[in-house]
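J.: There's a structure below that I have some questions on.
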Amino acid sequence: MATKEFKNAKIEYYKKQFENAKVAVVTDYRGLSVEEITELRRELQKADADLTVTKNTLCKVASEGTSFESIAELMSGPTAVAFGYGDEVAAAKVLAKFIKENKKGEITGAVLEGKVLSADEAKKLASMPSKEELYAKILGSINSPASGLVYSINGVMAALTRAVAAVRDQKTA
């Protein structure tokens with residue numbers, strides 16, 4: 001049986017994660033071995049996220065008073081929470097990819113900006129483009145008209161140069 005100090009330390013640990021996180025993706029980790037969980041943690045760390053196997057009651061207590069308070073609805077059974085600290089989509093993407101590749105585990109929901117997302121909504125979150133992809137698309141859209149203008153002006157200049165060269169060749173011949 002866990003001591004009161006151990007439980008308080010766990011609650012404080014969870015509270016810090018809730019305070020720093022932008023998103024919390026809840027998953028059922030049944031069927032995953034320790035090696036697979038370690039591999040998943042490494043993948044999540046690359047995406048500025050972290051996976052914590054939680055004790056549901058302690059996690060519920062720790063979430064009280066935070067924007068993740070509604071996570072209590074998702075806490076049942078063996079639960080692990082992926083906390084995303086950077087991009088809101090990254091943790092869900094990594095989890096969804098890992099589950100698809102290993103055919104083990106399941107996303108049971110998520111909490112984003114204080115709103116509970118169902119399992120289906122969390123999976124849709126995972127399919128959204130990341131911030132970097134969105135930035136690239138926006139920059140491409142902004143750059144496209146300018147590039148078109150440059151190519152048009154360049155085409156006119158090239159045609160003019162060819163015309164002047166043709167006139168020169170006619171006069172010298």
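The way I read the labels, and the way they are meant: chains A, B, ... in the order of the structure tokens, residue 1 as the first residue of every chain, and ligand 1 as the first ligand shown, with later ones counted on from there.
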Using only C-alpha atoms, which residues of range 54-146 of chain A come within 9 Å of range 4-22 of chain A, and what is the closest atom pair for each, with the distance in Å to one decimal? Give it as a Markdown table, sorted by chain and residue number.
T.:
```
| residue | atom | partner | partner_atom | distance |
| --- | --- | --- | --- | --- |
| A:Thr54 | CA | A:Tyr14 | CA | 8.6 |
| A:Lys55 | CA | A:Lys10 | CA | 8.8 |
| A:Leu58 | CA | A:Ile11 | CA | 5.8 |
| A:Cys59 | CA | A:Tyr14 | CA | 6.3 |
| A:Lys60 | CA | A:Ile11 | CA | 8.9 |
| A:Val61 | CA | A:Ile11 | CA | 7.0 |
| A:Ala62 | CA | A:Lys15 | CA | 5.1 |
| A:Ser63 | CA | A:Lys15 | CA | 6.4 |
| A:Glu64 | CA | A:Lys15 | CA | 8.8 |
| A:Thr66 | CA | A:Phe18 | CA | 7.0 |
| A:Ser67 | CA | A:Phe18 | CA | 7.9 |
| A:Phe68 | CA | A:Phe18 | CA | 6.7 |
| A:Phe83 | CA | A:Ala21 | CA | 5.7 |
| A:Gly84 | CA | A:Ala21 | CA | 5.5 |
| A:Tyr85 | CA | A:Ala21 | CA | 4.6 |
| A:Gly86 | CA | A:Lys22 | CA | 7.0 |
| A:Asp87 | CA | A:Lys22 | CA | 7.8 |
| A:Glu88 | CA | A:Lys22 | CA | 6.1 |
| A:Val111 | CA | A:Lys22 | CA | 8.8 |
| A:Leu112 | CA | A:Lys22 | CA | 6.8 |
| A:Glu113 | CA | A:Lys22 | CA | 7.1 |
```
J.: Those selected residues, please, written with C-alpha atoms and delivered as a PDB file, in the first residue's frame.
T.:
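out.pdb was written with the following content:
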```
ATOM      1  CA  THR A  54      -1.375   7.172 -14.006  1.00  0.00           C
ATOM      2  CA  LYS A  55      -3.233   6.106 -10.929  1.00  0.00           C
ATOM      3  CA  LEU A  58      -4.505  10.554  -7.836  1.00  0.00           C
ATOM      4  CA  CYS A  59      -4.707  12.018 -11.340  1.00  0.00           C
ATOM      5  CA  LYS A  60      -8.286  13.171 -10.719  1.00  0.00           C
ATOM      6  CA  VAL A  61      -7.223  14.881  -7.484  1.00  0.00           C
ATOM      7  CA  ALA A  62      -4.250  16.541  -9.217  1.00  0.00           C
ATOM      8  CA  SER A  63      -6.401  17.856 -12.068  1.00  0.00           C
ATOM      9  CA  GLU A  64      -8.751  19.725  -9.726  1.00  0.00           C
ATOM     10  CA  THR A  66      -6.661  23.204 -13.527  1.00  0.00           C
ATOM     11  CA  SER A  67      -7.970  23.533 -17.070  1.00  0.00           C
ATOM     12  CA  PHE A  68      -7.717  19.726 -17.237  1.00  0.00           C
ATOM     13  CA  PHE A  83       0.938  15.342 -22.074  1.00  0.00           C
ATOM     14  CA  GLY A  84       1.744  17.583 -25.027  1.00  0.00           C
ATOM     15  CA  TYR A  85       3.804  20.662 -24.164  1.00  0.00           C
ATOM     16  CA  GLY A  86       4.476  22.127 -27.604  1.00  0.00           C
ATOM     17  CA  ASP A  87       2.230  21.544 -30.567  1.00  0.00           C
ATOM     18  CA  GLU A  88      -1.282  20.549 -29.491  1.00  0.00           C
ATOM     19  CA  VAL A 111      -8.595  17.283 -23.048  1.00  0.00           C
ATOM     20  CA  LEU A 112      -7.738  20.375 -25.063  1.00  0.00           C
ATOM     21  CA  GLU A 113      -8.258  23.903 -23.737  1.00  0.00           C
TER      22      GLU A 113
END
```
J.: Tell me, as a list in words, which residues lie within 10 Å of Lys93 in chain A, counting only C-alpha atoms; anything in the same chain fewer than 2 positions away does not count.
T.: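 Skipping anything fewer than 2 positions along the chain leaves Leu44, Ala47, Glu88, Val89, Ala90, Ala91, Leu95, Ala96, Lys97, Phe98, Ile99, Ala122, Lys123, Lys124, Leu125, Ala126, Ser127, Met128, Pro129 and Ser130 of chain A.
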J.: So what do you get for CA of Gly77 in chain A versus CA of Leu32 in chain A, distance-wise?
T.: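 CA of Leu32 in chain A lies at a distance of 14.3 Å from CA of Gly77 in chain A.
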J.: Between CA of Thr79 in chain A and CA of Ser118 in chain A, what distance in Å does the model show, to one decimal?
T.: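 Straight-line distance from CA of Thr79 in chain A to CA of Ser118 in chain A works out to 15.0 Å.
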